[in-house]
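> One structure coming up, written as structure tokens, with questions to follow.
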Amino acid sequence: MKYRIISPLRINQIKYRFKINLTYFALLFSVSFFAQQEKPNVLFIAIDDINDWVAPLGGNKQAITPNMDRFVDNGAVIFKNNVCAAPVCGPSRSAILSGFYPSTSGIYNNGQNLIYSDVVKANATLPEYFSKNGYHTMANGKIFHKHATANGVDFGAWAFDEFARARRYNKDAAKKKFYTASKAGVIHGEHNPGFIDKKSKLSWGPTKDAFEETVDYKVADWARTQLSKDFDKPFFMAVGFIKPHLPWFVPQEYFDMYDVDAIEDIITKEDDLEDIVKPNGKPLFKPTGEYNWIRKHNLGKEATRAYLANISYVDACLGIVMDALEKSGHADDTIVVLWGDHGWHLGEKLRYLKSTLWLEVVKTPLFVKLPEMDQAVYCEKTVSLLDLYPTLVNLCNLPKKANIEGHDFSALLKNVDSDWERPGITVSNEGTSVLTEKWHYINYVSGAEEFYDVTNDSMEWNNLIHESEYRQEIKKLKKWIPKKRVAPKKERYKKPSNYVDADQDTTIKKTRDFNKLE
């Protein structure tokens, strides 16, 4: 082998060029890294089945939520008229995370999985879009709704770079001596055949486990650990709390925060449903099994107390996360979004649970904090959880995703009085709700309709649909009803017996090619 002899002058030239190139690449890297770090982190906190019974919204004045209070008081926009895109967990989360209404995705109930939707097959979900645009994405708790698949269970792990499961092998079991359950026929730990109601799903009571052993605490503790780390990318961290979802099992100390005898009864109107009729004049609704069971056994105060206890419990878990953020080095460059997937009835409209198009369900908490905010500001505009996708994309300086159906409300975060003419739209398998600051119009696929003046009738006791003076207002709101409804896919699989603890389906991620997803 022959070796080429290089002169000392040539060697010096090479060394000089090498130093120049090193300097150039170091500068290029530092500029690139700096530009990347200019993108804010996102802390995306979901709370399951929570209505406006939190202190910042005042839906129930008895609610004790000091951590939510502190969160907003330190600087956040509180959306008083935020609506869910769908009134039940799976479809609501599918809409938020995909950016498409149920009428476009075909996801109307919990049995339908968004991974089989044609529009979702072609589009990146919110965490995927952040991941493909330079973010490290991670999650724990309930973010997507779980579904059985051909290869296990889909918990939504495929949408994140990193995914943890605090709920696995943790049941938050109740102390049988003190719990209440309608299907089991138990009240205050006493079994009685007369207590059984197979049409009712309510249950509550103190857990066997201490606070530090419960599921949502484990989720919060995971978030605390993540926030103590340094990242070489901006992060998108999704934290999913499952309470106050049924069963209402939380540690005893949260029940003890409320004196059951001092609990205020929910005001109801026994003929509330009589003015909501089908086109043939027959009633569209009747009191539910849960409502009848509660009334029969005089458990209204107990149920209210149990729900409030669950809200205070999840508020304590939220406090762990917010304390960790404040102590971390991330607080000054992190956007925090706190949202509930939909609201809940506790006797209003003669029912408990969710899945309706009335205010108690379509309205849900949404609080947004930007790093520069230092005071609580209320926004009256009717926004939607569907708007989170485009809003976060804009706030984080990601490429605009033009084909999703939400609308960017970032201008409202700078000025809550900015122009915003859109109503809040909620789509269910039964119909569509269209909410403005003053009016609420509900259109059912059956042909039934409702119309309320929510500024003067917040309980929605007086259906004004047949009042001639409101025809023009109703006509305006009708224009927002989806013109088409995509039929849901029929692909479904039987739930395994150990549904919550089952193995994840690891095959889904391979089908989600970022290069092909819009």
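By order of appearance in the structure tokens: chains A, B, ..., then residues from 1 within every chain, and ligands from 1 in the order shown.
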Pro206 of chain A: which residues within 12 Å, counting only C-alpha atoms, same-chain residues fewer than 6 positions away excluded, as a PyMOL selection string?

chain A and resi 172-180+188-189+214+247-256+305-306+309-310+313

> Please produce a file of the residues just selected, as a short mmCIF file (atom, residue, chain, number, x, y, z; two decimals), in the first residue's frame, where the atoms kept are N, CA and C atoms.


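Final output, saved to result30.cif:
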```cif
data_model
loop_
_atom_site.label_atom_id
_atom_site.label_comp_id
_atom_site.auth_asym_id
_atom_site.auth_seq_id
_atom_site.Cartn_x
_atom_site.Cartn_y
_atom_site.Cartn_z
N ASP A 172 -58.40 -0.23 43.76
CA ASP A 172 -59.07 0.76 44.61
C ASP A 172 -60.33 0.15 45.25
N ALA A 173 -60.19 -1.03 45.82
CA ALA A 173 -61.34 -1.75 46.37
C ALA A 173 -61.91 -1.04 47.60
N ALA A 174 -63.22 -1.19 47.78
CA ALA A 174 -63.91 -0.55 48.90
C ALA A 174 -63.93 -1.46 50.14
N LYS A 175 -64.06 -0.84 51.28
CA LYS A 175 -64.28 -1.58 52.52
C LYS A 175 -65.73 -2.05 52.53
N LYS A 176 -65.94 -3.34 52.45
CA LYS A 176 -67.29 -3.89 52.33
C LYS A 176 -68.20 -3.52 53.50
N LYS A 177 -67.59 -3.26 54.64
CA LYS A 177 -68.36 -2.96 55.84
C LYS A 177 -69.10 -1.61 55.72
N PHE A 178 -68.59 -0.74 54.82
CA PHE A 178 -69.14 0.61 54.77
C PHE A 178 -69.69 1.03 53.41
N TYR A 179 -69.59 0.14 52.41
CA TYR A 179 -69.92 0.63 51.06
C TYR A 179 -71.39 0.49 50.72
N THR A 180 -71.79 1.20 49.64
CA THR A 180 -73.16 1.19 49.14
C THR A 180 -73.12 0.87 47.66
N HIS A 188 -74.77 1.05 53.12
CA HIS A 188 -73.98 1.20 54.35
C HIS A 188 -73.46 -0.15 54.83
N GLY A 189 -73.10 -1.02 53.89
CA GLY A 189 -72.55 -2.33 54.25
C GLY A 189 -73.58 -3.39 54.55
N THR A 214 -53.55 4.36 46.16
CA THR A 214 -54.66 4.42 45.20
C THR A 214 -54.15 4.71 43.78
N PRO A 247 -66.65 3.32 40.18
CA PRO A 247 -67.32 3.48 41.47
C PRO A 247 -66.66 4.59 42.28
N TRP A 248 -67.45 5.24 43.14
CA TRP A 248 -66.93 6.36 43.93
C TRP A 248 -66.23 5.85 45.19
N PHE A 249 -65.14 5.13 44.97
CA PHE A 249 -64.35 4.58 46.07
C PHE A 249 -63.08 5.41 46.22
N VAL A 250 -62.98 6.16 47.31
CA VAL A 250 -61.78 6.94 47.62
C VAL A 250 -61.52 6.82 49.12
N PRO A 251 -60.32 7.17 49.59
CA PRO A 251 -60.03 7.04 51.02
C PRO A 251 -61.00 7.80 51.91
N GLN A 252 -61.18 7.28 53.12
CA GLN A 252 -62.17 7.80 54.06
C GLN A 252 -62.00 9.30 54.33
N GLU A 253 -60.76 9.78 54.34
CA GLU A 253 -60.56 11.19 54.71
C GLU A 253 -61.27 12.16 53.77
N TYR A 254 -61.54 11.72 52.54
CA TYR A 254 -62.22 12.62 51.60
C TYR A 254 -63.73 12.63 51.81
N PHE A 255 -64.28 11.52 52.31
CA PHE A 255 -65.67 11.53 52.75
C PHE A 255 -65.81 12.39 54.00
N ASP A 256 -64.80 12.31 54.88
CA ASP A 256 -64.85 13.05 56.13
C ASP A 256 -64.80 14.57 55.93
N ARG A 305 -72.59 13.65 48.49
CA ARG A 305 -71.37 13.64 49.31
C ARG A 305 -70.30 12.76 48.67
N ALA A 306 -70.68 11.60 48.16
CA ALA A 306 -69.70 10.68 47.56
C ALA A 306 -69.04 11.30 46.34
N ALA A 309 -66.68 13.97 47.50
CA ALA A 309 -65.49 13.35 48.08
C ALA A 309 -64.52 12.93 46.99
N ASN A 310 -65.04 12.40 45.91
CA ASN A 310 -64.20 11.97 44.79
C ASN A 310 -63.53 13.16 44.11
N TYR A 313 -60.74 14.26 46.33
CA TYR A 313 -59.64 13.29 46.21
C TYR A 313 -58.81 13.58 44.97
#
```

> Apply DSSP to the backbone of this structure and, from segment 138-370 of chain A, keep only the residues in strand (DSSP E); write these as a compact mmCIF listing (two decimals) with all heavy atoms, in the first residue's frame.


```
# COMPACT_ATOMS: atom_id res chain seq x y z
N MET A 138 -45.45 11.24 26.44
CA MET A 138 -45.56 10.21 27.47
C MET A 138 -46.91 10.33 28.16
O MET A 138 -47.53 11.40 28.15
CB MET A 138 -44.42 10.34 28.48
CG MET A 138 -44.21 11.74 29.00
SD MET A 138 -42.67 11.89 29.95
CE MET A 138 -42.36 13.65 29.75
N ALA A 139 -47.35 9.25 28.76
CA ALA A 139 -48.68 9.24 29.39
C ALA A 139 -48.76 8.19 30.48
O ALA A 139 -48.06 7.17 30.45
CB ALA A 139 -49.75 8.99 28.35
N ASN A 140 -49.65 8.47 31.43
CA ASN A 140 -50.04 7.49 32.44
C ASN A 140 -51.47 7.80 32.83
O ASN A 140 -51.91 8.94 32.81
CB ASN A 140 -49.12 7.57 33.66
CG ASN A 140 -49.22 6.33 34.55
OD1 ASN A 140 -50.15 5.54 34.45
ND2 ASN A 140 -48.22 6.15 35.41
N GLY A 141 -52.22 6.73 33.18
CA GLY A 141 -53.63 6.91 33.54
C GLY A 141 -54.52 6.85 32.32
O GLY A 141 -54.12 6.41 31.25
N HIS A 147 -60.01 -0.50 24.73
CA HIS A 147 -60.85 -1.38 23.92
C HIS A 147 -60.16 -2.73 23.74
O HIS A 147 -58.94 -2.80 23.60
CB HIS A 147 -61.10 -0.80 22.53
CG HIS A 147 -61.86 0.48 22.53
ND1 HIS A 147 -61.26 1.70 22.65
CD2 HIS A 147 -63.20 0.73 22.45
CE1 HIS A 147 -62.18 2.66 22.62
NE2 HIS A 147 -63.36 2.09 22.51
N ALA A 148 -60.95 -3.78 23.73
CA ALA A 148 -60.42 -5.09 23.40
C ALA A 148 -60.08 -5.13 21.91
O ALA A 148 -60.78 -4.52 21.09
CB ALA A 148 -61.44 -6.17 23.74
N THR A 149 -59.01 -5.83 21.55
CA THR A 149 -58.62 -6.00 20.15
C THR A 149 -58.38 -7.49 19.89
O THR A 149 -58.52 -8.32 20.79
CB THR A 149 -57.33 -5.22 19.83
OG1 THR A 149 -56.23 -5.85 20.52
CG2 THR A 149 -57.43 -3.77 20.27
N GLY A 152 -55.12 -8.44 22.25
CA GLY A 152 -54.98 -7.96 23.62
C GLY A 152 -55.94 -6.82 23.88
O GLY A 152 -57.12 -6.88 23.51
N VAL A 153 -55.45 -5.77 24.51
CA VAL A 153 -56.27 -4.59 24.82
C VAL A 153 -55.54 -3.34 24.36
O VAL A 153 -54.32 -3.21 24.52
CB VAL A 153 -56.58 -4.51 26.34
CG1 VAL A 153 -57.36 -3.24 26.65
CG2 VAL A 153 -57.36 -5.74 26.79
N ASP A 154 -56.29 -2.44 23.76
CA ASP A 154 -55.76 -1.16 23.31
C ASP A 154 -55.98 -0.13 24.41
O ASP A 154 -57.11 0.26 24.67
CB ASP A 154 -56.45 -0.74 22.01
CG ASP A 154 -56.14 0.68 21.61
OD1 ASP A 154 -55.15 1.24 22.12
OD2 ASP A 154 -56.88 1.23 20.77
N GLU A 162 -43.74 6.98 25.24
CA GLU A 162 -43.55 6.34 26.54
C GLU A 162 -44.91 6.24 27.21
O GLU A 162 -45.66 7.21 27.23
CB GLU A 162 -42.60 7.20 27.37
CG GLU A 162 -42.18 6.66 28.70
CD GLU A 162 -41.23 7.62 29.42
OE1 GLU A 162 -40.62 8.49 28.77
OE2 GLU A 162 -41.14 7.49 30.66
N PHE A 163 -45.23 5.05 27.75
CA PHE A 163 -46.58 4.85 28.29
C PHE A 163 -46.49 3.99 29.55
O PHE A 163 -45.82 2.97 29.58
CB PHE A 163 -47.45 4.15 27.25
CG PHE A 163 -48.91 4.05 27.63
CD1 PHE A 163 -49.75 5.14 27.48
CD2 PHE A 163 -49.43 2.87 28.14
CE1 PHE A 163 -51.10 5.05 27.83
CE2 PHE A 163 -50.77 2.77 28.49
CZ PHE A 163 -51.61 3.87 28.33
N ALA A 164 -47.18 4.43 30.62
CA ALA A 164 -47.19 3.70 31.88
C ALA A 164 -48.62 3.38 32.28
O ALA A 164 -49.57 4.04 31.84
CB ALA A 164 -46.49 4.52 32.97
N THR A 180 -71.79 1.20 49.64
CA THR A 180 -73.16 1.19 49.14
C THR A 180 -73.12 0.87 47.66
O THR A 180 -72.30 1.44 46.92
CB THR A 180 -73.82 2.56 49.37
OG1 THR A 180 -73.97 2.77 50.78
CG2 THR A 180 -75.18 2.66 48.68
N ALA A 181 -73.97 -0.04 47.19
CA ALA A 181 -73.98 -0.42 45.77
C ALA A 181 -75.38 -0.88 45.38
O ALA A 181 -75.92 -1.82 45.99
CB ALA A 181 -72.96 -1.52 45.50
N VAL A 186 -76.67 -3.33 48.46
CA VAL A 186 -75.97 -3.03 49.72
C VAL A 186 -76.10 -1.54 50.01
O VAL A 186 -75.85 -0.71 49.13
CB VAL A 186 -74.47 -3.39 49.63
CG1 VAL A 186 -73.78 -3.12 50.96
CG2 VAL A 186 -74.28 -4.83 49.21
N ILE A 187 -76.48 -1.21 51.23
CA ILE A 187 -76.51 0.19 51.68
C ILE A 187 -75.82 0.26 53.03
O ILE A 187 -76.20 -0.45 53.97
CB ILE A 187 -77.96 0.73 51.77
CG1 ILE A 187 -78.61 0.75 50.39
CG2 ILE A 187 -77.95 2.13 52.38
CD1 ILE A 187 -80.07 1.21 50.39
N GLU A 190 -74.86 -3.04 54.57
CA GLU A 190 -75.93 -4.00 54.88
C GLU A 190 -76.54 -4.56 53.59
O GLU A 190 -77.04 -3.81 52.75
CB GLU A 190 -77.03 -3.33 55.70
CG GLU A 190 -78.19 -4.26 56.03
CD GLU A 190 -79.36 -3.54 56.68
OE1 GLU A 190 -79.17 -2.39 57.13
OE2 GLU A 190 -80.47 -4.14 56.71
N HIS A 191 -76.50 -5.87 53.44
CA HIS A 191 -77.11 -6.54 52.30
C HIS A 191 -78.60 -6.76 52.58
O HIS A 191 -78.99 -7.18 53.66
CB HIS A 191 -76.45 -7.90 52.04
CG HIS A 191 -75.08 -7.80 51.48
ND1 HIS A 191 -74.81 -7.95 50.13
CD2 HIS A 191 -73.90 -7.56 52.08
CE1 HIS A 191 -73.51 -7.81 49.94
NE2 HIS A 191 -72.92 -7.58 51.10
N SER A 203 -72.42 3.17 43.02
CA SER A 203 -71.74 2.56 44.17
C SER A 203 -70.72 3.52 44.73
O SER A 203 -70.09 4.28 43.98
CB SER A 203 -71.07 1.24 43.77
OG SER A 203 -70.19 1.42 42.69
N TRP A 204 -70.57 3.52 46.05
CA TRP A 204 -69.60 4.41 46.69
C TRP A 204 -69.19 3.87 48.05
O TRP A 204 -69.84 3.00 48.62
CB TRP A 204 -70.17 5.82 46.83
CG TRP A 204 -71.42 5.96 47.67
CD1 TRP A 204 -71.48 6.02 49.04
CD2 TRP A 204 -72.77 6.07 47.21
NE1 TRP A 204 -72.78 6.17 49.46
CE2 TRP A 204 -73.59 6.21 48.36
CE3 TRP A 204 -73.36 6.10 45.95
CZ2 TRP A 204 -74.98 6.35 48.28
CZ3 TRP A 204 -74.74 6.24 45.85
CH2 TRP A 204 -75.53 6.36 47.01
N GLY A 205 -68.10 4.41 48.56
CA GLY A 205 -67.63 4.03 49.88
C GLY A 205 -66.14 4.26 50.02
O GLY A 205 -65.44 4.54 49.04
N PRO A 206 -65.60 4.14 51.24
CA PRO A 206 -64.16 4.34 51.48
C PRO A 206 -63.34 3.15 50.97
O PRO A 206 -63.80 2.01 51.02
CB PRO A 206 -64.07 4.47 53.00
CG PRO A 206 -65.23 3.69 53.51
CD PRO A 206 -66.33 3.87 52.50
N PHE A 235 -41.41 18.30 26.00
CA PHE A 235 -42.25 17.13 26.27
C PHE A 235 -43.73 17.46 26.17
O PHE A 235 -44.16 18.59 26.39
CB PHE A 235 -41.92 16.50 27.63
CG PHE A 235 -42.17 17.38 28.82
CD1 PHE A 235 -43.46 17.63 29.29
CD2 PHE A 235 -41.11 17.93 29.53
CE1 PHE A 235 -43.70 18.42 30.41
CE2 PHE A 235 -41.33 18.73 30.66
CZ PHE A 235 -42.63 18.97 31.09
N PHE A 236 -44.49 16.42 25.83
CA PHE A 236 -45.95 16.43 25.90
C PHE A 236 -46.30 15.33 26.88
O PHE A 236 -46.15 14.14 26.59
CB PHE A 236 -46.55 16.15 24.52
CG PHE A 236 -48.07 16.14 24.51
CD1 PHE A 236 -48.77 17.24 24.04
CD2 PHE A 236 -48.79 15.04 24.95
CE1 PHE A 236 -50.16 17.24 24.02
CE2 PHE A 236 -50.18 15.03 24.94
CZ PHE A 236 -50.86 16.13 24.46
N MET A 237 -46.72 15.72 28.09
CA MET A 237 -47.01 14.75 29.15
C MET A 237 -48.51 14.70 29.42
O MET A 237 -49.11 15.69 29.83
CB MET A 237 -46.26 15.14 30.43
CG MET A 237 -46.41 14.11 31.55
SD MET A 237 -45.67 14.66 33.12
CE MET A 237 -43.98 14.93 32.60
N ALA A 238 -49.11 13.55 29.20
CA ALA A 238 -50.55 13.36 29.44
C ALA A 238 -50.74 12.62 30.77
O ALA A 238 -50.17 11.55 30.98
CB ALA A 238 -51.18 12.58 28.30
N VAL A 239 -51.53 13.22 31.65
CA VAL A 239 -51.79 12.67 32.98
C VAL A 239 -53.29 12.44 33.10
O VAL A 239 -54.08 13.39 33.07
CB VAL A 239 -51.31 13.65 34.07
CG1 VAL A 239 -51.59 13.08 35.46
CG2 VAL A 239 -49.83 13.96 33.90
N GLY A 240 -53.71 11.18 33.21
CA GLY A 240 -55.14 10.88 33.20
C GLY A 240 -55.66 10.36 34.52
O GLY A 240 -55.39 9.22 34.91
N PHE A 241 -56.42 11.21 35.24
CA PHE A 241 -57.04 10.79 36.50
C PHE A 241 -58.40 10.16 36.22
O PHE A 241 -59.19 10.69 35.43
CB PHE A 241 -57.21 11.98 37.44
CG PHE A 241 -55.91 12.57 37.90
CD1 PHE A 241 -55.65 13.93 37.76
CD2 PHE A 241 -54.94 11.78 38.49
CE1 PHE A 241 -54.45 14.48 38.19
CE2 PHE A 241 -53.72 12.32 38.92
CZ PHE A 241 -53.48 13.67 38.77
N TRP A 248 -67.45 5.24 43.14
CA TRP A 248 -66.93 6.36 43.93
C TRP A 248 -66.23 5.85 45.19
O TRP A 248 -66.67 6.09 46.31
CB TRP A 248 -68.08 7.30 44.30
CG TRP A 248 -68.66 8.02 43.12
CD1 TRP A 248 -68.02 8.41 41.98
CD2 TRP A 248 -70.02 8.46 42.98
NE1 TRP A 248 -68.88 9.07 41.13
CE2 TRP A 248 -70.11 9.12 41.72
CE3 TRP A 248 -71.14 8.39 43.78
CZ2 TRP A 248 -71.31 9.66 41.25
CZ3 TRP A 248 -72.34 8.93 43.33
CH2 TRP A 248 -72.42 9.57 42.07
N PHE A 249 -65.14 5.13 44.97
CA PHE A 249 -64.35 4.58 46.07
C PHE A 249 -63.08 5.41 46.22
O PHE A 249 -62.20 5.38 45.35
CB PHE A 249 -63.96 3.12 45.79
CG PHE A 249 -65.12 2.17 45.64
CD1 PHE A 249 -64.95 0.97 44.97
CD2 PHE A 249 -66.37 2.46 46.16
CE1 PHE A 249 -65.99 0.07 44.83
CE2 PHE A 249 -67.43 1.56 46.03
CZ PHE A 249 -67.24 0.36 45.36
N VAL A 250 -62.98 6.16 47.31
CA VAL A 250 -61.78 6.94 47.62
C VAL A 250 -61.52 6.82 49.12
O VAL A 250 -62.41 6.40 49.88
CB VAL A 250 -61.92 8.43 47.22
CG1 VAL A 250 -62.03 8.58 45.71
CG2 VAL A 250 -63.09 9.10 47.92
N THR A 334 -43.79 25.69 30.39
CA THR A 334 -44.77 24.61 30.24
C THR A 334 -46.19 25.17 30.20
O THR A 334 -46.59 25.94 31.07
CB THR A 334 -44.65 23.60 31.40
OG1 THR A 334 -43.35 23.00 31.38
CG2 THR A 334 -45.71 22.50 31.29
N ILE A 335 -46.92 24.77 29.17
CA ILE A 335 -48.36 25.07 29.07
C ILE A 335 -49.09 23.97 29.83
O ILE A 335 -48.82 22.78 29.65
CB ILE A 335 -48.81 25.08 27.60
CG1 ILE A 335 -48.13 26.21 26.83
CG2 ILE A 335 -50.34 25.21 27.50
CD1 ILE A 335 -48.31 26.09 25.32
N VAL A 336 -50.03 24.36 30.68
CA VAL A 336 -50.82 23.37 31.43
C VAL A 336 -52.27 23.46 30.97
O VAL A 336 -52.87 24.54 30.95
CB VAL A 336 -50.74 23.61 32.95
CG1 VAL A 336 -51.49 22.50 33.69
CG2 VAL A 336 -49.29 23.68 33.42
N VAL A 337 -52.82 22.31 30.60
CA VAL A 337 -54.23 22.22 30.21
C VAL A 337 -54.91 21.23 31.14
O VAL A 337 -54.49 20.07 31.23
CB VAL A 337 -54.39 21.77 28.75
CG1 VAL A 337 -55.87 21.70 28.38
CG2 VAL A 337 -53.64 22.68 27.80
N LEU A 338 -55.93 21.68 31.84
CA LEU A 338 -56.69 20.83 32.75
C LEU A 338 -58.11 20.71 32.20
O LEU A 338 -58.79 21.72 32.03
CB LEU A 338 -56.71 21.44 34.15
CG LEU A 338 -57.51 20.71 35.23
CD1 LEU A 338 -56.92 19.34 35.51
CD2 LEU A 338 -57.56 21.53 36.51
N TRP A 339 -58.55 19.49 31.91
CA TRP A 339 -59.86 19.32 31.27
C TRP A 339 -60.57 18.07 31.80
O TRP A 339 -59.96 17.11 32.23
CB TRP A 339 -59.71 19.23 29.75
CG TRP A 339 -58.77 18.17 29.25
CD1 TRP A 339 -57.41 18.26 29.13
CD2 TRP A 339 -59.11 16.84 28.79
NE1 TRP A 339 -56.88 17.08 28.64
CE2 TRP A 339 -57.90 16.20 28.41
CE3 TRP A 339 -60.31 16.14 28.67
CZ2 TRP A 339 -57.87 14.89 27.91
CZ3 TRP A 339 -60.29 14.83 28.17
CH2 TRP A 339 -59.07 14.23 27.80
N GLY A 340 -61.90 18.14 31.75
CA GLY A 340 -62.73 16.97 32.05
C GLY A 340 -63.35 16.48 30.75
O GLY A 340 -63.66 17.27 29.87
N HIS A 345 -74.66 14.04 35.68
CA HIS A 345 -75.91 14.34 36.39
C HIS A 345 -75.88 13.76 37.80
O HIS A 345 -75.42 12.62 38.00
CB HIS A 345 -77.11 13.73 35.67
CG HIS A 345 -77.47 14.40 34.39
ND1 HIS A 345 -78.17 15.59 34.33
CD2 HIS A 345 -77.24 14.04 33.10
CE1 HIS A 345 -78.36 15.93 33.06
NE2 HIS A 345 -77.80 15.01 32.30
N LEU A 346 -76.39 14.51 38.75
CA LEU A 346 -76.57 14.00 40.11
C LEU A 346 -77.98 14.30 40.59
O LEU A 346 -78.20 14.83 41.68
CB LEU A 346 -75.52 14.59 41.05
CG LEU A 346 -74.15 13.93 40.85
CD1 LEU A 346 -73.17 14.91 40.25
CD2 LEU A 346 -73.64 13.35 42.17
N TYR A 352 -79.06 10.23 37.06
CA TYR A 352 -77.65 10.27 37.40
C TYR A 352 -76.89 9.81 36.14
O TYR A 352 -77.50 9.59 35.10
CB TYR A 352 -77.35 9.36 38.59
CG TYR A 352 -77.83 9.96 39.91
CD1 TYR A 352 -79.19 10.02 40.20
CD2 TYR A 352 -76.94 10.51 40.83
CE1 TYR A 352 -79.64 10.60 41.37
CE2 TYR A 352 -77.38 11.08 42.01
CZ TYR A 352 -78.74 11.13 42.27
OH TYR A 352 -79.19 11.72 43.43
N LEU A 353 -75.61 9.72 36.21
CA LEU A 353 -74.74 9.31 35.09
C LEU A 353 -74.58 10.42 34.05
O LEU A 353 -74.73 11.60 34.36
CB LEU A 353 -75.23 8.01 34.45
CG LEU A 353 -75.44 6.80 35.39
CD1 LEU A 353 -75.82 5.56 34.59
CD2 LEU A 353 -74.24 6.53 36.26
N LEU A 366 -62.52 23.34 31.81
CA LEU A 366 -61.35 23.55 30.96
C LEU A 366 -60.62 24.78 31.49
O LEU A 366 -61.15 25.88 31.47
CB LEU A 366 -61.74 23.78 29.50
CG LEU A 366 -60.57 24.16 28.57
CD1 LEU A 366 -59.51 23.05 28.53
CD2 LEU A 366 -61.06 24.47 27.16
N PHE A 367 -59.41 24.55 31.99
CA PHE A 367 -58.55 25.61 32.50
C PHE A 367 -57.22 25.53 31.73
O PHE A 367 -56.64 24.45 31.63
CB PHE A 367 -58.26 25.47 34.00
CG PHE A 367 -59.48 25.26 34.86
CD1 PHE A 367 -59.42 24.44 35.98
CD2 PHE A 367 -60.69 25.87 34.55
CE1 PHE A 367 -60.52 24.24 36.79
CE2 PHE A 367 -61.81 25.68 35.36
CZ PHE A 367 -61.73 24.86 36.47
N VAL A 368 -56.76 26.66 31.22
CA VAL A 368 -55.51 26.68 30.46
C VAL A 368 -54.57 27.71 31.07
O VAL A 368 -54.95 28.87 31.27
CB VAL A 368 -55.76 27.02 28.98
CG1 VAL A 368 -54.44 27.03 28.20
CG2 VAL A 368 -56.72 26.01 28.35
N LYS A 369 -53.35 27.28 31.34
CA LYS A 369 -52.33 28.17 31.90
C LYS A 369 -51.15 28.27 30.95
O LYS A 369 -50.54 27.25 30.60
CB LYS A 369 -51.85 27.66 33.25
CG LYS A 369 -50.73 28.51 33.86
CD LYS A 369 -50.30 27.99 35.21
CE LYS A 369 -49.16 28.81 35.81
NZ LYS A 369 -49.50 30.24 35.94
```

> Between atom CA of Gly58 of chain A and atom CA of Asp453 of chain A, what distance in Å does the model show, to one decimal?

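That distance, rounded to one decimal, is 19.5 Å.
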
> Rank A:Asn81, A:Ser312, A:Ala150, A:Pro56 by their smallest atom-to-atom distance to Ile425 of chain A, using only C-alpha atoms, and report the top residue only.

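The shortest atom-to-atom distance to Ile425 of chain A comes from A:Asn81.
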
> One decimal, Å: what's the distance from atom CA of Val434 of chain A over to atom CA of Trp480 of chain A, could you say?

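Value for the atom CA of Val434 of chain A-atom CA of Trp480 of chain A distance: 7.1 Å.
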
> Within 10 Å of His297 of chain A, counting only C-alpha atoms, which residues qualify if same-chain residues fewer than 4 places away don't, as a ChimeraX atom specification?

/A:187,194-195,292-293

> Mind checking which residues fall within 9 Å of segment 454-456 of chain A, counting only C-alpha atoms, ignoring those fewer than 3 positions away in the same chain, and posting them as a VMD selection string?

chain A and resid 359 436 to 440 459 to 460

> Deliver the residues from the most recent selection as a file, using N, CA, C and O atoms, as a PDB file, in the first residue's frame.


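Generated file (again_25.pdb):
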```
ATOM      1  N   LEU A 359     -77.118  20.554  29.792  1.00  0.00           N
ATOM      2  CA  LEU A 359     -75.976  21.326  30.279  1.00  0.00           C
ATOM      3  C   LEU A 359     -75.113  20.574  31.277  1.00  0.00           C
ATOM      4  O   LEU A 359     -73.884  20.702  31.271  1.00  0.00           O
ATOM      5  N   THR A 436     -74.693  28.401  22.985  1.00  0.00           N
ATOM      6  CA  THR A 436     -74.077  29.723  22.962  1.00  0.00           C
ATOM      7  C   THR A 436     -74.065  30.243  24.394  1.00  0.00           C
ATOM      8  O   THR A 436     -74.515  29.558  25.323  1.00  0.00           O
ATOM      9  N   GLU A 437     -73.596  31.455  24.590  1.00  0.00           N
ATOM     10  CA  GLU A 437     -73.585  32.020  25.936  1.00  0.00           C
ATOM     11  C   GLU A 437     -74.995  32.202  26.488  1.00  0.00           C
ATOM     12  O   GLU A 437     -75.199  32.197  27.691  1.00  0.00           O
ATOM     13  N   LYS A 438     -75.979  32.320  25.613  1.00  0.00           N
ATOM     14  CA  LYS A 438     -77.354  32.573  26.056  1.00  0.00           C
ATOM     15  C   LYS A 438     -78.310  31.430  25.746  1.00  0.00           C
ATOM     16  O   LYS A 438     -79.227  31.165  26.523  1.00  0.00           O
ATOM     17  N   TRP A 439     -78.130  30.749  24.624  1.00  0.00           N
ATOM     18  CA  TRP A 439     -79.115  29.774  24.155  1.00  0.00           C
ATOM     19  C   TRP A 439     -78.532  28.365  24.102  1.00  0.00           C
ATOM     20  O   TRP A 439     -77.343  28.172  23.877  1.00  0.00           O
ATOM     21  N   HIS A 440     -79.430  27.407  24.263  1.00  0.00           N
ATOM     22  CA  HIS A 440     -79.051  26.008  24.122  1.00  0.00           C
ATOM     23  C   HIS A 440     -80.112  25.298  23.286  1.00  0.00           C
ATOM     24  O   HIS A 440     -81.280  25.216  23.680  1.00  0.00           O
ATOM     25  N   MET A 459     -81.220  25.498  34.896  1.00  0.00           N
ATOM     26  CA  MET A 459     -81.599  24.109  35.156  1.00  0.00           C
ATOM     27  C   MET A 459     -82.333  23.490  33.967  1.00  0.00           C
ATOM     28  O   MET A 459     -82.663  22.312  33.993  1.00  0.00           O
ATOM     29  N   GLU A 460     -82.593  24.292  32.959  1.00  0.00           N
ATOM     30  CA  GLU A 460     -83.273  23.833  31.736  1.00  0.00           C
ATOM     31  C   GLU A 460     -84.618  23.165  32.055  1.00  0.00           C
ATOM     32  O   GLU A 460     -84.918  22.058  31.624  1.00  0.00           O
TER      33      GLU A 460
END
```

> Just the residues within 9 Å of segment 104-112 of chain A, please, counting only C-alpha atoms, with nothing from its chain fewer than 5 positions along; format it as a ChimeraX atom specification.

/A:86,88-92,94-95,98,117-120,145-147,427-430,482,484-492
